$ cat run_19.cif   # mmCIF, C-alpha atoms
data_final
#
loop_
_atom_site.label_atom_id
_atom_site.label_comp_id
_atom_site.auth_asym_id
_atom_site.auth_seq_id
_atom_site.Cartn_x
_atom_site.Cartn_y
_atom_site.Cartn_z
CA MET A 1 -44.06 3.99 50.18
CA ILE A 2 -47.26 5.40 48.66
CA GLU A 3 -47.43 7.93 51.48
CA LEU A 4 -43.86 9.03 50.79
CA PHE A 5 -44.47 9.49 47.06
CA SER A 6 -47.67 11.42 47.80
CA PHE A 7 -45.99 13.93 50.08
CA VAL A 8 -42.98 14.27 47.76
CA GLY A 9 -45.42 15.07 44.97
CA ILE A 10 -47.06 17.73 47.13
CA LEU A 11 -43.67 19.29 47.88
CA ILE A 12 -42.84 19.37 44.16
CA LEU A 13 -46.15 21.12 43.44
CA ALA A 14 -45.37 23.67 46.17
CA ALA A 15 -41.93 24.30 44.65
CA LEU A 16 -43.57 24.85 41.25
CA GLY A 17 -45.67 27.66 42.71
CA VAL A 18 -49.05 25.97 43.16
CA PRO A 19 -51.21 28.20 45.45
CA LEU A 20 -50.76 27.52 49.14
CA PHE A 21 -54.42 26.74 49.82
CA ILE A 22 -54.30 23.92 47.27
CA ILE A 23 -51.12 22.54 48.86
CA MET A 24 -52.75 22.58 52.30
CA SER A 25 -55.87 20.87 50.95
CA LEU A 26 -53.84 18.13 49.27
CA ALA A 27 -51.74 17.60 52.40
CA ALA A 28 -54.87 17.32 54.55
CA LEU A 29 -56.66 14.93 52.19
CA THR A 30 -53.56 12.75 51.87
CA ALA A 31 -53.02 12.66 55.62
CA PHE A 32 -56.65 11.83 56.35
CA SER A 33 -56.77 9.09 53.71
CA PHE A 34 -53.68 7.29 55.04
CA THR A 35 -54.47 7.53 58.74
CA ASP A 36 -58.22 6.85 58.77
CA VAL A 37 -58.85 10.01 60.80
CA GLU A 38 -62.50 11.08 60.74
CA THR A 39 -62.83 13.96 58.27
CA MET A 40 -66.16 15.06 59.75
CA ALA A 41 -64.14 17.10 62.26
CA VAL A 42 -63.25 19.51 59.46
CA ALA A 43 -66.89 20.11 58.53
CA VAL A 44 -67.81 20.67 62.18
CA GLU A 45 -65.01 23.20 62.60
CA ILE A 46 -65.94 25.05 59.41
CA TYR A 47 -69.55 25.22 60.61
CA ARG A 48 -68.43 26.58 63.99
CA ILE A 49 -66.47 29.42 62.42
CA SER A 50 -69.04 30.17 59.70
CA SER A 51 -71.78 30.49 62.31
CA ALA A 52 -69.77 32.92 64.44
CA PRO A 53 -71.38 36.40 64.24
CA THR A 54 -67.97 38.10 64.24
CA LEU A 55 -67.12 36.51 60.88
CA LEU A 56 -69.31 39.18 59.27
CA THR A 57 -66.91 41.88 60.44
CA ILE A 58 -64.30 40.73 57.91
CA PRO A 59 -66.21 41.59 54.69
CA LEU A 60 -67.81 44.70 56.23
CA PHE A 61 -64.61 46.33 57.47
CA THR A 62 -62.79 45.30 54.28
CA PHE A 63 -65.48 46.93 52.15
CA ALA A 64 -65.22 50.14 54.20
CA GLY A 65 -61.43 50.18 53.87
CA TYR A 66 -61.51 49.69 50.11
CA ILE A 67 -64.06 52.51 49.67
CA MET A 68 -61.77 54.87 51.58
CA ALA A 69 -58.73 53.79 49.57
CA GLU A 70 -60.52 54.37 46.24
CA SER A 71 -61.88 57.79 47.24
CA LYS A 72 -59.95 60.97 47.95
CA SER A 73 -59.87 60.09 51.64
CA PRO A 74 -56.09 59.44 51.60
CA GLN A 75 -55.42 62.96 50.31
CA ARG A 76 -57.74 64.58 52.87
CA LEU A 77 -56.34 62.61 55.80
CA LEU A 78 -52.78 63.20 54.60
CA ARG A 79 -53.42 66.94 54.49
CA PHE A 80 -54.82 66.87 58.04
CA ALA A 81 -51.96 64.75 59.36
CA GLU A 82 -49.41 67.05 57.72
CA ALA A 83 -51.10 70.13 59.18
CA SER A 84 -51.05 68.46 62.61
CA LEU A 85 -47.54 66.99 62.62
CA GLY A 86 -45.69 68.41 59.62
CA TRP A 87 -44.08 71.21 61.65
CA MET A 88 -42.19 68.71 63.82
CA PRO A 89 -38.66 67.49 63.01
CA GLY A 90 -39.23 64.43 60.85
CA GLY A 91 -42.90 65.37 60.75
CA VAL A 92 -43.55 64.30 57.16
CA ALA A 93 -42.17 60.82 57.87
CA ILE A 94 -44.28 60.57 61.04
CA VAL A 95 -47.32 61.64 59.03
CA SER A 96 -46.58 58.82 56.58
CA LEU A 97 -46.39 56.27 59.39
CA VAL A 98 -49.66 57.39 60.96
CA ILE A 99 -51.65 57.55 57.73
CA CYS A 100 -50.39 54.16 56.52
CA ALA A 101 -51.20 52.58 59.89
CA PHE A 102 -54.73 54.01 59.69
CA PHE A 103 -55.39 52.51 56.25
CA THR A 104 -53.76 49.17 56.99
CA ALA A 105 -56.02 48.77 60.03
CA PHE A 106 -59.05 48.92 57.75
CA THR A 107 -57.75 47.09 54.67
CA GLY A 108 -55.49 44.50 56.30
CA ALA A 109 -51.95 43.93 55.05
CA SER A 110 -53.26 43.35 51.55
CA GLY A 111 -50.91 45.72 49.73
CA VAL A 112 -53.68 48.30 49.32
CA THR A 113 -51.86 50.76 51.58
CA ILE A 114 -48.66 50.68 49.53
CA ILE A 115 -50.53 50.85 46.22
CA ALA A 116 -52.96 53.60 47.30
CA LEU A 117 -50.64 55.78 49.39
CA GLY A 118 -47.19 54.99 48.00
CA GLY A 119 -47.61 57.26 45.00
CA LEU A 120 -48.71 60.12 47.26
CA LEU A 121 -46.11 59.75 50.00
CA TYR A 122 -43.01 58.93 47.96
CA PRO A 123 -42.68 62.30 46.16
CA ILE A 124 -43.59 64.19 49.37
CA LEU A 125 -40.83 62.44 51.29
CA LYS A 126 -38.33 63.04 48.48
CA ASN A 127 -39.27 66.73 48.27
CA GLU A 128 -38.70 67.07 52.00
CA GLY A 129 -35.12 65.91 51.54
CA TYR A 130 -35.40 62.28 52.60
CA SER A 131 -33.19 59.88 50.68
CA GLU A 132 -34.67 57.44 48.20
CA LYS A 133 -33.51 54.54 50.37
CA PHE A 134 -35.19 55.94 53.47
CA SER A 135 -38.42 56.79 51.62
CA LEU A 136 -38.71 53.32 50.08
CA GLY A 137 -37.97 51.62 53.39
CA LEU A 138 -40.51 53.73 55.26
CA ILE A 139 -43.35 53.12 52.81
CA THR A 140 -42.57 49.39 52.51
CA THR A 141 -42.57 49.00 56.29
CA SER A 142 -45.71 51.09 56.75
CA GLY A 143 -47.69 48.80 54.48
CA SER A 144 -48.29 46.44 57.41
CA LEU A 145 -47.87 48.85 60.31
CA GLY A 146 -51.51 49.07 61.38
CA LEU A 147 -52.17 45.37 61.93
CA LEU A 148 -52.36 45.76 65.72
CA PHE A 149 -54.98 48.51 65.59
CA PRO A 150 -58.73 47.88 65.47
CA PRO A 151 -60.49 46.85 63.31
CA SER A 152 -57.60 44.90 61.77
CA LEU A 153 -58.71 41.82 59.83
CA PRO A 154 -55.90 39.59 61.19
CA ILE A 155 -57.00 40.43 64.76
CA ILE A 156 -60.54 39.34 63.95
CA LEU A 157 -59.38 36.13 62.26
CA TYR A 158 -57.01 35.33 65.13
CA GLY A 159 -59.85 35.73 67.62
CA LEU A 160 -62.06 33.39 65.60
CA VAL A 161 -59.41 30.69 65.27
CA ALA A 162 -57.98 30.92 68.79
CA LYS A 163 -61.39 31.50 70.44
CA VAL A 164 -60.18 34.68 72.12
CA ASP A 165 -62.45 37.69 72.78
CA ILE A 166 -62.00 39.99 69.78
CA ASP A 167 -62.99 43.08 71.80
CA GLN A 168 -60.09 42.36 74.17
CA LEU A 169 -57.72 41.88 71.25
CA PHE A 170 -58.75 45.24 69.80
CA LEU A 171 -57.83 46.93 73.08
CA ALA A 172 -54.66 44.91 73.63
CA GLY A 173 -53.11 45.95 70.32
CA ILE A 174 -53.40 49.72 70.81
CA ILE A 175 -50.37 50.35 73.06
CA PRO A 176 -48.03 47.90 71.24
CA GLY A 177 -49.16 49.44 67.96
CA PHE A 178 -48.26 52.93 69.16
CA LEU A 179 -44.93 51.58 70.43
CA LEU A 180 -44.06 50.47 66.90
CA ILE A 181 -44.99 53.87 65.48
CA THR A 182 -43.05 55.68 68.21
CA ILE A 183 -39.83 53.72 67.62
CA LEU A 184 -40.03 54.26 63.86
CA SER A 185 -40.84 57.94 64.43
CA ILE A 186 -37.71 58.39 66.55
CA TRP A 187 -35.68 56.80 63.75
CA SER A 188 -37.33 59.15 61.25
CA ILE A 189 -36.47 62.20 63.36
CA LYS A 190 -32.87 61.04 63.86
CA ASN A 191 -32.10 60.10 60.27
CA GLY A 192 -34.46 62.24 58.24
CA LYS A 193 -33.69 65.76 57.19
CA MET A 194 -34.79 68.19 59.90
CA SER A 195 -36.74 70.24 57.39
CA GLY A 196 -39.73 70.22 59.71
CA ASN A 197 -38.02 72.88 61.84
CA LYS A 198 -38.40 75.37 58.99
CA LYS A 199 -42.16 75.08 59.07
CA LYS A 200 -44.50 76.63 61.58
CA PHE A 201 -47.75 75.30 62.85
CA ASP A 202 -50.46 76.95 60.76
CA LYS A 203 -53.68 77.15 62.75
CA ILE A 204 -55.75 78.22 59.75
CA GLU A 205 -54.51 75.28 57.65
CA PHE A 206 -55.04 72.91 60.57
CA VAL A 207 -58.68 73.97 60.98
CA ALA A 208 -59.31 73.84 57.22
CA ALA A 209 -57.73 70.39 56.91
CA PHE A 210 -59.72 69.10 59.89
CA LYS A 211 -62.97 70.39 58.40
CA GLY A 212 -62.04 68.77 55.10
CA CYS A 213 -61.71 65.28 56.61
CA PHE A 214 -63.99 65.69 59.65
CA PHE A 215 -66.27 62.75 58.90
CA GLU A 216 -63.36 60.39 58.16
CA ALA A 217 -61.17 61.50 61.06
CA LEU A 218 -63.95 60.64 63.52
CA LEU A 219 -64.27 57.09 62.21
CA PRO A 220 -61.68 55.22 64.36
CA VAL A 221 -62.80 57.08 67.46
CA GLY A 222 -66.41 56.28 66.68
CA VAL A 223 -65.68 52.56 66.21
CA LEU A 224 -63.89 52.31 69.57
CA VAL A 225 -66.51 54.32 71.46
CA ALA A 226 -69.34 52.30 69.93
CA ILE A 227 -67.79 48.94 70.87
CA TYR A 228 -66.29 49.72 74.27
CA GLY A 229 -69.05 52.10 75.31
CA GLY A 230 -71.38 49.14 75.07
CA PHE A 231 -73.48 50.71 72.33
CA THR A 232 -72.80 48.06 69.67
CA THR A 233 -71.11 44.72 69.18
CA ALA A 234 -68.08 44.46 66.87
CA THR A 235 -70.34 43.08 64.13
CA GLU A 236 -72.83 45.92 64.44
CA ALA A 237 -69.99 48.45 64.47
CA ALA A 238 -68.67 46.92 61.24
CA ALA A 239 -72.07 47.20 59.56
CA ILE A 240 -72.49 50.81 60.68
CA THR A 241 -68.95 51.65 59.52
CA ALA A 242 -69.52 50.20 56.04
CA PHE A 243 -72.83 52.04 55.63
CA TYR A 244 -71.40 55.28 57.05
CA ILE A 245 -68.40 55.27 54.71
CA LEU A 246 -70.60 54.46 51.73
CA ILE A 247 -72.83 57.46 52.45
CA ILE A 248 -69.94 59.80 53.23
CA GLU A 249 -67.87 59.03 50.13
CA CYS A 250 -70.78 58.78 47.69
CA PHE A 251 -73.18 61.49 48.88
CA VAL A 252 -71.25 63.89 51.15
CA TYR A 253 -67.82 64.16 49.51
CA ARG A 254 -69.11 62.71 46.22
CA ASP A 255 -65.77 61.13 45.38
CA LEU A 256 -67.41 57.94 44.15
CA ASP A 257 -70.44 57.13 42.03
CA ILE A 258 -72.63 54.53 43.67
CA PHE A 259 -73.50 52.97 40.30
CA LYS A 260 -70.17 53.29 38.45
CA ASP A 261 -67.55 52.87 41.19
CA ILE A 262 -69.10 50.89 44.02
CA PRO A 263 -69.71 47.64 42.05
CA LYS A 264 -65.98 47.49 41.16
CA ILE A 265 -65.00 48.18 44.77
CA ILE A 266 -67.33 45.43 45.93
CA GLY A 267 -65.69 43.02 43.50
CA ASP A 268 -62.15 43.96 44.55
CA SER A 269 -62.81 43.90 48.29
CA MET A 270 -64.80 40.68 48.23
CA SER A 271 -62.06 39.03 46.18
CA LEU A 272 -59.76 39.58 49.15
CA VAL A 273 -62.42 38.29 51.55
CA GLY A 274 -63.08 35.29 49.31
CA GLY A 275 -59.36 34.51 49.32
CA ILE A 276 -59.29 34.67 53.12
CA LEU A 277 -62.29 32.35 53.46
CA LEU A 278 -60.88 29.95 50.87
CA ILE A 279 -57.62 29.76 52.79
CA LEU A 280 -59.62 29.36 56.01
CA CYS A 281 -61.58 26.37 54.76
CA CYS A 282 -58.60 24.64 53.14
CA ALA A 283 -56.22 25.25 56.03
CA LEU A 284 -58.72 23.96 58.58
CA GLY A 285 -58.37 20.50 57.07
CA LEU A 286 -54.63 20.41 57.68
CA THR A 287 -55.01 22.04 61.10
CA ASN A 288 -57.60 19.52 62.25
CA TYR A 289 -55.41 16.65 61.16
CA LEU A 290 -52.46 18.03 63.15
CA VAL A 291 -54.62 18.59 66.22
CA ASP A 292 -56.30 15.17 65.99
CA GLU A 293 -52.89 13.54 65.75
CA GLU A 294 -51.87 15.46 68.90
CA VAL A 295 -49.00 17.18 67.14
CA PRO A 296 -49.05 20.15 69.57
CA MET A 297 -48.63 17.80 72.52
CA GLN A 298 -45.77 15.99 70.79
CA ILE A 299 -44.08 19.33 70.10
CA LEU A 300 -44.62 20.32 73.73
CA ASP A 301 -43.04 17.09 74.99
CA PHE A 302 -40.06 17.69 72.72
CA MET A 303 -39.69 21.33 73.80
CA ARG A 304 -39.77 20.47 77.50
CA LYS A 305 -36.42 18.75 77.05
CA TYR A 306 -34.75 21.96 75.92
CA LEU A 307 -36.91 24.86 77.16
CA THR A 308 -37.09 25.17 80.90
CA ASN A 309 -39.15 28.34 81.39
CA LYS A 310 -41.55 30.81 79.86
CA TYR A 311 -38.83 33.21 78.69
CA SER A 312 -36.85 30.65 76.75
CA PHE A 313 -40.09 29.48 75.16
CA LEU A 314 -40.93 33.04 74.09
CA PHE A 315 -37.49 33.42 72.50
CA PHE A 316 -37.95 30.18 70.56
CA LEU A 317 -41.50 31.22 69.63
CA ASN A 318 -40.34 34.52 68.14
CA VAL A 319 -37.65 32.86 66.04
CA PHE A 320 -40.18 30.32 64.77
CA LEU A 321 -42.85 32.94 63.99
CA LEU A 322 -40.39 35.21 62.18
CA ILE A 323 -39.56 32.31 59.87
CA VAL A 324 -43.24 31.52 59.39
CA GLY A 325 -44.04 35.18 58.72
CA SER A 326 -41.41 35.44 56.00
CA LEU A 327 -42.70 32.33 54.20
CA MET A 328 -46.50 32.35 54.64
CA ASP A 329 -49.18 34.99 54.26
CA ILE A 330 -50.65 36.13 57.56
CA PHE A 331 -54.06 34.55 57.05
CA SER A 332 -52.66 31.08 56.31
CA ALA A 333 -50.25 31.39 59.23
CA ILE A 334 -53.05 32.26 61.65
CA ILE A 335 -55.20 29.35 60.62
CA VAL A 336 -52.44 26.71 60.49
CA VAL A 337 -50.05 27.78 63.24
CA VAL A 338 -52.30 29.26 65.95
CA PRO A 339 -54.03 25.99 66.93
CA LEU A 340 -50.59 24.41 67.30
CA ILE A 341 -48.98 27.04 69.52
CA VAL A 342 -51.93 28.02 71.75
CA PRO A 343 -51.90 24.85 73.92
CA ILE A 344 -48.09 24.97 74.14
CA ALA A 345 -48.11 28.63 75.20
CA THR A 346 -50.77 27.86 77.79
CA GLU A 347 -48.53 25.20 79.31
CA PHE A 348 -45.75 27.79 79.66
CA GLY A 349 -48.08 30.32 81.28
CA VAL A 350 -48.38 32.83 78.42
CA HIS A 351 -51.59 34.86 78.56
CA PRO A 352 -53.73 34.14 75.45
CA VAL A 353 -54.17 37.85 74.65
CA HIS A 354 -50.44 38.52 75.07
CA LEU A 355 -49.74 35.55 72.82
CA ALA A 356 -52.02 37.06 70.16
CA ILE A 357 -50.13 40.36 70.16
CA ILE A 358 -46.77 38.57 69.99
CA PHE A 359 -48.03 36.45 67.11
CA LEU A 360 -49.44 39.37 65.12
CA THR A 361 -46.33 41.51 65.69
CA ASN A 362 -44.16 38.70 64.35
CA LEU A 363 -46.34 38.29 61.29
CA GLU A 364 -46.35 42.06 60.76
CA ILE A 365 -42.55 42.00 60.74
CA GLY A 366 -42.66 39.02 58.38
CA TYR A 367 -44.06 41.28 55.65
CA ILE A 368 -40.66 42.97 55.30
CA THR A 369 -38.46 39.98 56.16
CA PRO A 370 -36.34 38.61 53.27
CA PRO A 371 -36.45 36.56 51.18
CA VAL A 372 -40.18 36.56 50.45
CA GLY A 373 -41.79 39.24 52.64
CA ILE A 374 -44.76 40.27 50.53
CA ASN A 375 -44.40 44.04 51.11
CA LEU A 376 -40.94 43.88 49.55
CA PHE A 377 -42.38 42.57 46.29
CA ILE A 378 -45.38 44.93 46.31
CA SER A 379 -43.07 47.93 46.70
CA SER A 380 -40.74 46.53 44.06
CA PHE A 381 -43.69 46.41 41.66
CA ARG A 382 -45.15 49.78 42.74
CA PHE A 383 -41.92 51.77 42.47
CA ASN A 384 -40.29 49.70 39.70
CA LYS A 385 -37.21 48.91 41.80
CA PRO A 386 -35.23 45.66 42.11
CA VAL A 387 -36.40 43.68 45.13
CA THR A 388 -32.81 43.54 46.39
CA GLU A 389 -32.90 47.33 46.66
CA LEU A 390 -36.00 47.00 48.84
CA TYR A 391 -34.16 44.48 51.03
CA LYS A 392 -31.50 47.11 51.78
CA ALA A 393 -33.98 49.96 52.19
CA SER A 394 -36.18 48.14 54.71
CA PHE A 395 -33.38 46.48 56.71
CA PRO A 396 -32.93 49.31 59.29
CA PHE A 397 -36.70 49.33 59.83
CA LEU A 398 -36.64 45.55 60.26
CA LEU A 399 -34.05 45.86 63.04
CA LEU A 400 -36.13 48.53 64.80
CA LEU A 401 -39.25 46.40 64.64
CA LEU A 402 -37.31 43.48 66.11
CA ILE A 403 -36.35 45.70 69.07
CA ALA A 404 -40.03 46.58 69.50
CA LEU A 405 -40.91 42.87 69.30
CA ILE A 406 -38.52 42.08 72.16
CA ILE A 407 -40.13 44.79 74.29
CA ILE A 408 -43.65 43.59 73.49
CA THR A 409 -42.68 39.98 74.19
CA TYR A 410 -41.00 40.48 77.56
CA VAL A 411 -43.18 43.34 78.88
CA PRO A 412 -46.64 41.73 78.80
CA ASP A 413 -48.29 44.66 80.57
CA LEU A 414 -48.05 46.65 77.33
CA SER A 415 -50.57 44.23 75.85
CA LEU A 416 -52.62 43.55 78.97
CA MET A 417 -52.96 46.87 80.77
CA LEU A 418 -56.09 47.96 78.86
CA ILE A 419 -58.02 44.71 79.19
CA SER A 420 -60.10 44.02 82.25
CA ASP A 421 -59.33 40.31 82.64
CA LYS A 422 -55.61 39.71 83.18
#
$ encode --input "run_19.cif" --output "structure tokens"
Amino acid sequence: MIELFSFVGILILAALGVPLFIIMSLAALTAFSFTDVETMAVAVEIYRISSAPTLLTIPLFTFAGYIMAESKSPQRLLRFAEASLGWMPGGVAIVSLVICAFFTAFTGASGVTIIALGGLLYPILKNEGYSEKFSLGLITTSGSLGLLFPPSLPIILYGLVAKVDIDQLFLAGIIPGFLLITILSIWSIKNGKMSGNKKKFDKIEFVAAFKGCFFEALLPVGVLVAIYGGFTTATEAAAITAFYILIIECFVYRDLDIFKDIPKIIGDSMSLVGGILLILCCALGLTNYLVDEEVPMQILDFMRKYLTNKYSFLFFLNVFLLIVGSLMDIFSAIIVVVPLIVPIATEFGVHPVHLAIIFLTNLEIGYITPPVGINLFISSFRFNKPVTELYKASFPFLLLLLIALIIITYVPDLSLMLISDK
């Protein structure tokens, strides 16, 4: 009876809006206290993750992303992307997708992309003849579009929790990530105003725009070459990236003052990192309880009665993850859900890297899935629109992403063709 009242109390606190990390901590402590499970397992697991060298990549890449977002880098990269692609039918919308994906890869799906780029892209899209509904839906969707591209924070965290090679995950997400952009680009060309046909490719503007953002445009290429060329580890690449961006924005472009602006950026970026680590530590308690109680194996035994093969399991997995993605933030979902589904997926013969891409794609879609997809509320706040209007605006994009999810799920070679160990 005490156990029942305890968990009912926790549910009431959750309904009242108590932060999720507190709810997970209370659930873990309550479960441990009533079952006499050894809590030392939590401390051991926290030590294992905290001692992993790749953990350092999270604050370093986040810091680099926030510096770029606070500088004039978005304007320079937007100019270059528009000079490169703006002449195409639907080119301005494609530019928006590419630029947002670039920034989301460095900042994570933290809302920074919508806040930093939304004000720039929205009037450009409207001036090009795109409807308000289309423009809002595109920007809202693009706020989480780059999660599959390196050096995405959710990829790093997934690798830490699932004990999967992060370098392989970086490679595996590239083709599925471009698939998402391609499908949304086709929709933009089909439904956007074909104003791009009236423009011509301007070689002089292209060269000028490239020179203007040369040091920033080389960054993603440099990160990939450094890691996969064997010159640096992911952690070393993160440190070099953070230092490089700091020098470029403060001393080359001089957009930021190292004494006036950088301390604030450090505070903002490390607040996000601190939130991630806080969730990590609190969620590990609940996760360890579930694993120690063999909950994954019990779920597997239950599923075997109804799911007879890998493909039916993948269908069920996608439905489950879409629900999770619409209710939980991506960092909590990774820490709590991944340890539960990895052993089940292994039993059904799903490659661990393929599983990671399926998982992250689902959670990416969850950001625009009603009722509580976080991008919907960020855009509602940013553009001062009712959230129900954002539901309608993003719905066509949600359907397109679901089509892409089906392709990614049932064509594993898209995720595995670039990695050496299949």
$ resolve_selection --input "run_19.cif" --expression "the PyMOL selection byres ((chain A and resi 223-227) around 10)" --output "PyMOL selection string"
chain A and resi 150-151+167+170-171+218-222+228-238+240-241
$ write_last_selection --input "run_19.cif" --atoms "C-alpha atoms" --output "mmCIF file, keeping the file's coordinate frame"
data_model
loop_
_atom_site.group_PDB
_atom_site.id
_atom_site.type_symbol
_atom_site.label_atom_id
_atom_site.label_comp_id
_atom_site.auth_asym_id
_atom_site.auth_seq_id
_atom_site.Cartn_x
_atom_site.Cartn_y
_atom_site.Cartn_z
ATOM 1 C CA PRO A 150 -58.730 47.880 65.470
ATOM 2 C CA PRO A 151 -60.490 46.850 63.310
ATOM 3 C CA ASP A 167 -62.990 43.080 71.800
ATOM 4 C CA PHE A 170 -58.750 45.240 69.800
ATOM 5 C CA LEU A 171 -57.830 46.930 73.080
ATOM 6 C CA LEU A 218 -63.950 60.640 63.520
ATOM 7 C CA LEU A 219 -64.270 57.090 62.210
ATOM 8 C CA PRO A 220 -61.680 55.220 64.360
ATOM 9 C CA VAL A 221 -62.800 57.080 67.460
ATOM 10 C CA GLY A 222 -66.410 56.280 66.680
ATOM 11 C CA TYR A 228 -66.290 49.720 74.270
ATOM 12 C CA GLY A 229 -69.050 52.100 75.310
ATOM 13 C CA GLY A 230 -71.380 49.140 75.070
ATOM 14 C CA PHE A 231 -73.480 50.710 72.330
ATOM 15 C CA THR A 232 -72.800 48.060 69.670
ATOM 16 C CA THR A 233 -71.110 44.720 69.180
ATOM 17 C CA ALA A 234 -68.080 44.460 66.870
ATOM 18 C CA THR A 235 -70.340 43.080 64.130
ATOM 19 C CA GLU A 236 -72.830 45.920 64.440
ATOM 20 C CA ALA A 237 -69.990 48.450 64.470
ATOM 21 C CA ALA A 238 -68.670 46.920 61.240
ATOM 22 C CA ILE A 240 -72.490 50.810 60.680
ATOM 23 C CA THR A 241 -68.950 51.650 59.520
#
$ closest_residue --input "run_19.cif" --among "A:Pro339, A:Phe315, A:Leu399, A:Val295" --to "Leu184 in chain A" --atoms "all atoms listed in the file"
A:Leu399
$ atom_distance --input "run_19.cif" --atom1 "CA of Leu97 in chain A" --atom2 "CA of Ser142 in chain A"
5.9 Å
$ atom_distance --input "run_19.cif" --atom1 "CA of Thr62 in chain A" --atom2 "CA of Leu169 in chain A"
18.0 Å
$ resolve_selection --input "run_19.cif" --expression "the PyMOL selection byres ((chain A and resi 186) around 12)" --output "PDB file with C-alpha atoms, in the coordinates of the input"
ATOM      1  CA  MET A  88     -42.190  68.710  63.820  1.00  0.00           C
ATOM      2  CA  PRO A  89     -38.660  67.490  63.010  1.00  0.00           C
ATOM      3  CA  GLY A  90     -39.230  64.430  60.850  1.00  0.00           C
ATOM      4  CA  GLY A  91     -42.900  65.370  60.750  1.00  0.00           C
ATOM      5  CA  ALA A  93     -42.170  60.820  57.870  1.00  0.00           C
ATOM      6  CA  ILE A  94     -44.280  60.570  61.040  1.00  0.00           C
ATOM      7  CA  LEU A  97     -46.390  56.270  59.390  1.00  0.00           C
ATOM      8  CA  LEU A 179     -44.930  51.580  70.430  1.00  0.00           C
ATOM      9  CA  LEU A 180     -44.060  50.470  66.900  1.00  0.00           C
ATOM     10  CA  ILE A 181     -44.990  53.870  65.480  1.00  0.00           C
ATOM     11  CA  THR A 182     -43.050  55.680  68.210  1.00  0.00           C
ATOM     12  CA  ILE A 183     -39.830  53.720  67.620  1.00  0.00           C
ATOM     13  CA  LEU A 184     -40.030  54.260  63.860  1.00  0.00           C
ATOM     14  CA  SER A 185     -40.840  57.940  64.430  1.00  0.00           C
ATOM     15  CA  TRP A 187     -35.680  56.800  63.750  1.00  0.00           C
ATOM     16  CA  SER A 188     -37.330  59.150  61.250  1.00  0.00           C
ATOM     17  CA  ILE A 189     -36.470  62.200  63.360  1.00  0.00           C
ATOM     18  CA  LYS A 190     -32.870  61.040  63.860  1.00  0.00           C
ATOM     19  CA  ASN A 191     -32.100  60.100  60.270  1.00  0.00           C
ATOM     20  CA  GLY A 192     -34.460  62.240  58.240  1.00  0.00           C
ATOM     21  CA  PHE A 397     -36.700  49.330  59.830  1.00  0.00           C
ATOM     22  CA  LEU A 400     -36.130  48.530  64.800  1.00  0.00           C
TER      23      LEU A 400
END
$ resolve_selection --input "run_19.cif" --expression "the PyMOL selection byres ((chain A and resi 174) around 8)" --output "CSV table (one decimal) with C-alpha atoms, keeping the file's coordinate frame"
chain,number,residue,atom,x,y,z
A,148,LEU,CA,-52.4,45.8,65.7
A,149,PHE,CA,-55.0,48.5,65.6
A,150,PRO,CA,-58.7,47.9,65.5
A,170,PHE,CA,-58.8,45.2,69.8
A,171,LEU,CA,-57.8,46.9,73.1
A,172,ALA,CA,-54.7,44.9,73.6
A,173,GLY,CA,-53.1,46.0,70.3
A,175,ILE,CA,-50.4,50.4,73.1
A,176,PRO,CA,-48.0,47.9,71.2
A,177,GLY,CA,-49.2,49.4,68.0
A,178,PHE,CA,-48.3,52.9,69.2
A,415,SER,CA,-50.6,44.2,75.8
$ atom_distance --input "run_19.cif" --atom1 "CA of Met297 in chain A" --atom2 "CA of Leu314 in chain A"
17.1 Å
$ closest_residue --input "run_19.cif" --among "A:Val387, A:Ile344, A:Ala31, A:Ile368" --to "Met303 in chain A" --atoms "only C-alpha atoms"
A:Ile344
$ closest_residue --input "run_19.cif" --among "A:Val273, A:Leu136, A:Leu153, A:Val92" --to "Pro396 in chain A" --atoms "only C-alpha atoms"
A:Leu136
$ decode --input "run_19.cif" --residues "range 255-262 of chain A" --atoms "N, CA and C atoms" --output "PDB file, in the first residue's frame"
ATOM      1  N   ASP A 255      33.197  39.494 -34.646  1.00  0.00           N
ATOM      2  CA  ASP A 255      31.769  39.642 -34.328  1.00  0.00           C
ATOM      3  C   ASP A 255      31.532  39.708 -32.823  1.00  0.00           C
ATOM      4  N   LEU A 256      32.401  39.057 -32.066  1.00  0.00           N
ATOM      5  CA  LEU A 256      32.223  38.934 -30.627  1.00  0.00           C
ATOM      6  C   LEU A 256      33.427  39.470 -29.884  1.00  0.00           C
ATOM      7  N   ASP A 257      33.170  40.015 -28.712  1.00  0.00           N
ATOM      8  CA  ASP A 257      34.252  40.476 -27.832  1.00  0.00           C
ATOM      9  C   ASP A 257      34.549  39.388 -26.811  1.00  0.00           C
ATOM     10  N   ILE A 258      35.802  39.001 -26.747  1.00  0.00           N
ATOM     11  CA  ILE A 258      36.165  37.862 -25.895  1.00  0.00           C
ATOM     12  C   ILE A 258      35.913  38.149 -24.420  1.00  0.00           C
ATOM     13  N   PHE A 259      35.881  39.407 -24.027  1.00  0.00           N
ATOM     14  CA  PHE A 259      35.660  39.744 -22.621  1.00  0.00           C
ATOM     15  C   PHE A 259      34.196  40.085 -22.338  1.00  0.00           C
ATOM     16  N   LYS A 260      33.488  40.668 -23.300  1.00  0.00           N
ATOM     17  CA  LYS A 260      32.102  41.067 -23.067  1.00  0.00           C
ATOM     18  C   LYS A 260      31.104  39.974 -23.437  1.00  0.00           C
ATOM     19  N   ASP A 261      31.344  39.293 -24.559  1.00  0.00           N
ATOM     20  CA  ASP A 261      30.350  38.352 -25.093  1.00  0.00           C
ATOM     21  C   ASP A 261      30.593  36.902 -24.707  1.00  0.00           C
ATOM     22  N   ILE A 262      31.844  36.491 -24.697  1.00  0.00           N
ATOM     23  CA  ILE A 262      32.160  35.075 -24.483  1.00  0.00           C
ATOM     24  C   ILE A 262      31.720  34.572 -23.105  1.00  0.00           C
TER      25      ILE A 262
END
